[in-house]
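Encoded as structure tokens, the structure appears first; notes follow it.
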Amino acid sequence: MPTTGGSVAERDADARALASTLRVRILRICLDEARTNKEIAQLLGKNPATTLHHVRTLVARGFLAAQPERVGARGAREVPYRATGKSWTADLGPGGHRVLLDAFLEELAVADPATVDMGRLGLRLDAAGREELSQRLDEVLEDFRQREPATGGEPWSVFVAIHHDASRDLR
């Protein structure tokens, strides 16, 4: 994923906002449908006061955007939130990969095992081959990210990681 520019302070503030598995999961929940704080809390099995703190942090950093207010079932004012897509290009900072992995594992834990398609592959690549693999994966992910959601489509998540496999290092 590409990273955005901006000042060091701005990048650090964004990284801090994304340094929570709960916040990453909130962004996923609000990816293609605006959700109220109450709906977010219900989907995560959390207290609405807990999620509201995280929602406010994500709104303040531009990762979530408030949508037009609506009236709830009991006539209360509700504010739905939708992910802006900013997290796709944000610099997660040191340890950001761990937050993404932990969020993925939390989501995977509640997924129906019959819907999980997973693979793992060990390769031995030179620098050019590693760069080509990374570039091609980025192109595929970016292509699908930019597509309009399929009407009536089901929600799916993709997690991809490339890392140096120190356990197989010959040196």
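Following the order of the structure tokens, chains are lettered A, B, ..., residues in each are numbered from 1, and ligands are numbered from 1.
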Near-A:Leu101 list (9 Å; only C-alpha atoms; drop same-chain fewer than 6 positions) as a VMD selection string = chain A and resid 21 159 161
Output of the above residues as an mmCIF file, in the first residue's frame, restricted to N, CA and C atoms:
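Output file part.cif is given in full below:
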data_model
loop_
_atom_site.group_PDB
_atom_site.id
_atom_site.type_symbol
_atom_site.label_atom_id
_atom_site.label_comp_id
_atom_site.auth_asym_id
_atom_site.auth_seq_id
_atom_site.Cartn_x
_atom_site.Cartn_y
_atom_site.Cartn_z
ATOM 1 N N THR A 21 -6.723 -2.246 17.349
ATOM 2 C CA THR A 21 -7.470 -3.224 16.541
ATOM 3 C C THR A 21 -8.946 -2.852 16.495
ATOM 4 N N PHE A 159 -6.518 -10.251 3.359
ATOM 5 C CA PHE A 159 -5.334 -9.888 4.129
ATOM 6 C C PHE A 159 -4.134 -10.467 3.403
ATOM 7 N N ALA A 161 0.231 -10.371 3.377
ATOM 8 C CA ALA A 161 1.467 -9.938 4.030
ATOM 9 C C ALA A 161 2.645 -10.564 3.303
#
Tell me, as a PDB file with N, CA, C and O atoms, in the first residue's frame, which residues lie within 10 Å of stretch 112-123 of chain A, counting only C-alpha atoms; anything in the same chain fewer than 2 positions away does not count.
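File written: part.pdb
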ATOM      1  N   LEU A 108     -11.254 -13.043  11.661  1.00  0.00           N
ATOM      2  CA  LEU A 108     -11.212 -14.442  11.228  1.00  0.00           C
ATOM      3  C   LEU A 108     -11.832 -15.357  12.281  1.00  0.00           C
ATOM      4  O   LEU A 108     -12.487 -16.344  11.949  1.00  0.00           O
ATOM      5  N   ALA A 109     -11.664 -15.014  13.555  1.00  0.00           N
ATOM      6  CA  ALA A 109     -12.199 -15.841  14.641  1.00  0.00           C
ATOM      7  C   ALA A 109     -13.720 -15.929  14.612  1.00  0.00           C
ATOM      8  O   ALA A 109     -14.285 -16.915  15.074  1.00  0.00           O
ATOM      9  N   VAL A 110     -14.383 -14.924  14.065  1.00  0.00           N
ATOM     10  CA  VAL A 110     -15.854 -14.952  14.005  1.00  0.00           C
ATOM     11  C   VAL A 110     -16.375 -15.334  12.627  1.00  0.00           C
ATOM     12  O   VAL A 110     -17.582 -15.407  12.413  1.00  0.00           O
ATOM     13  N   LEU A 125      13.327 -15.202  -3.664  1.00  0.00           N
ATOM     14  CA  LEU A 125      13.320 -14.176  -4.697  1.00  0.00           C
ATOM     15  C   LEU A 125      14.523 -13.264  -4.563  1.00  0.00           C
ATOM     16  O   LEU A 125      14.992 -12.993  -3.451  1.00  0.00           O
ATOM     17  N   ASP A 126      14.974 -12.738  -5.698  1.00  0.00           N
ATOM     18  CA  ASP A 126      15.961 -11.666  -5.636  1.00  0.00           C
ATOM     19  C   ASP A 126      15.188 -10.351  -5.448  1.00  0.00           C
ATOM     20  O   ASP A 126      13.953 -10.349  -5.397  1.00  0.00           O
ATOM     21  N   GLY A 129      12.549  -9.680  -8.118  1.00  0.00           N
ATOM     22  CA  GLY A 129      11.395 -10.567  -8.001  1.00  0.00           C
ATOM     23  C   GLY A 129      10.502 -10.177  -6.840  1.00  0.00           C
ATOM     24  O   GLY A 129       9.275 -10.207  -6.940  1.00  0.00           O
ATOM     25  N   ARG A 130      11.096  -9.793  -5.727  1.00  0.00           N
ATOM     26  CA  ARG A 130      10.329  -9.359  -4.559  1.00  0.00           C
ATOM     27  C   ARG A 130       9.560  -8.089  -4.882  1.00  0.00           C
ATOM     28  O   ARG A 130       8.400  -7.935  -4.537  1.00  0.00           O
ATOM     29  N   TRP A 156     -16.569  -9.270   1.856  1.00  0.00           N
ATOM     30  CA  TRP A 156     -15.392 -10.143   1.951  1.00  0.00           C
ATOM     31  C   TRP A 156     -14.206  -9.303   2.379  1.00  0.00           C
ATOM     32  O   TRP A 156     -14.153  -8.114   2.109  1.00  0.00           O
ATOM     33  N   SER A 157     -13.245  -9.910   3.028  1.00  0.00           N
ATOM     34  CA  SER A 157     -12.018  -9.233   3.425  1.00  0.00           C
ATOM     35  C   SER A 157     -10.826  -9.997   2.875  1.00  0.00           C
ATOM     36  O   SER A 157     -10.876 -11.218   2.743  1.00  0.00           O
ATOM     37  N   VAL A 158      -9.769  -9.263   2.585  1.00  0.00           N
ATOM     38  CA  VAL A 158      -8.526  -9.845   2.077  1.00  0.00           C
ATOM     39  C   VAL A 158      -7.400  -9.353   2.969  1.00  0.00           C
ATOM     40  O   VAL A 158      -7.330  -8.162   3.298  1.00  0.00           O
ATOM     41  N   PHE A 159      -6.518 -10.251   3.359  1.00  0.00           N
ATOM     42  CA  PHE A 159      -5.334  -9.888   4.129  1.00  0.00           C
ATOM     43  C   PHE A 159      -4.134 -10.467   3.403  1.00  0.00           C
ATOM     44  O   PHE A 159      -4.104 -11.662   3.115  1.00  0.00           O
ATOM     45  N   ALA A 161       0.231 -10.371   3.377  1.00  0.00           N
ATOM     46  CA  ALA A 161       1.467  -9.938   4.030  1.00  0.00           C
ATOM     47  C   ALA A 161       2.645 -10.564   3.303  1.00  0.00           C
ATOM     48  O   ALA A 161       2.615 -11.735   2.940  1.00  0.00           O
ATOM     49  N   ILE A 162       3.653  -9.766   3.074  1.00  0.00           N
ATOM     50  CA  ILE A 162       4.920 -10.259   2.534  1.00  0.00           C
ATOM     51  C   ILE A 162       5.972  -9.942   3.589  1.00  0.00           C
ATOM     52  O   ILE A 162       6.040  -8.817   4.091  1.00  0.00           O
ATOM     53  N   HIS A 164      10.130 -11.057   5.153  1.00  0.00           N
ATOM     54  CA  HIS A 164      11.352 -11.836   5.064  1.00  0.00           C
ATOM     55  C   HIS A 164      11.197 -13.041   5.986  1.00  0.00           C
ATOM     56  O   HIS A 164      10.788 -12.912   7.141  1.00  0.00           O
ATOM     57  N   ASP A 165      11.481 -14.223   5.487  1.00  0.00           N
ATOM     58  CA  ASP A 165      11.317 -15.452   6.255  1.00  0.00           C
ATOM     59  C   ASP A 165      12.662 -15.825   6.901  1.00  0.00           C
ATOM     60  O   ASP A 165      13.421 -16.621   6.383  1.00  0.00           O
ATOM     61  N   ARG A 168      14.060 -19.388   7.373  1.00  0.00           N
ATOM     62  CA  ARG A 168      14.617 -20.142   6.250  1.00  0.00           C
ATOM     63  C   ARG A 168      15.899 -19.514   5.713  1.00  0.00           C
ATOM     64  O   ARG A 168      16.417 -19.945   4.685  1.00  0.00           O
TER      65      ARG A 168
END
Compile a residue-level contact table for stretch 15-108 of chain A against stretch 145-150 of chain A at a cut-off of 12 Å, reporting for every qualifying residue the shortest atom pair and its distance in Å to one decimal, with only C-alpha atoms counted, rows ordered by chain and ascending number, as a Markdown table.
| residue | atom | partner | partner_atom | distance |
| --- | --- | --- | --- | --- |
| A:Leu31 | CA | A:Pro149 | CA | 10.2 |
| A:Asp32 | CA | A:Pro149 | CA | 7.4 |
| A:Glu33 | CA | A:Pro149 | CA | 10.3 |
| A:Gly85 | CA | A:Arg145 | CA | 9.3 |
| A:Trp88 | CA | A:Arg145 | CA | 9.2 |
| A:Thr89 | CA | A:Arg145 | CA | 11.8 |
Saved selection, atoms kept: N, CA and C atoms, as an mmCIF file, in the first residue's frame:
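Resulting contents of selection21.cif:
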data_model
loop_
_atom_site.group_PDB
_atom_site.id
_atom_site.type_symbol
_atom_site.label_atom_id
_atom_site.label_comp_id
_atom_site.auth_asym_id
_atom_site.auth_seq_id
_atom_site.Cartn_x
_atom_site.Cartn_y
_atom_site.Cartn_z
ATOM 1 N N LEU A 31 -17.060 0.446 6.162
ATOM 2 C CA LEU A 31 -16.449 0.536 4.843
ATOM 3 C C LEU A 31 -17.457 0.807 3.730
ATOM 4 N N ASP A 32 -18.512 0.022 3.658
ATOM 5 C CA ASP A 32 -19.441 0.198 2.533
ATOM 6 C C ASP A 32 -20.862 0.494 2.974
ATOM 7 N N GLU A 33 -21.030 0.741 4.269
ATOM 8 C CA GLU A 33 -22.346 1.120 4.786
ATOM 9 C C GLU A 33 -22.146 2.023 5.996
ATOM 10 N N GLY A 85 -11.722 5.885 3.466
ATOM 11 C CA GLY A 85 -10.695 5.262 2.631
ATOM 12 C C GLY A 85 -9.297 5.776 2.917
ATOM 13 N N TRP A 88 -6.301 3.397 3.802
ATOM 14 C CA TRP A 88 -5.631 2.612 2.770
ATOM 15 C C TRP A 88 -4.245 3.156 2.470
ATOM 16 N N THR A 89 -4.072 4.465 2.563
ATOM 17 C CA THR A 89 -2.789 5.072 2.213
ATOM 18 C C THR A 89 -2.038 5.617 3.431
#
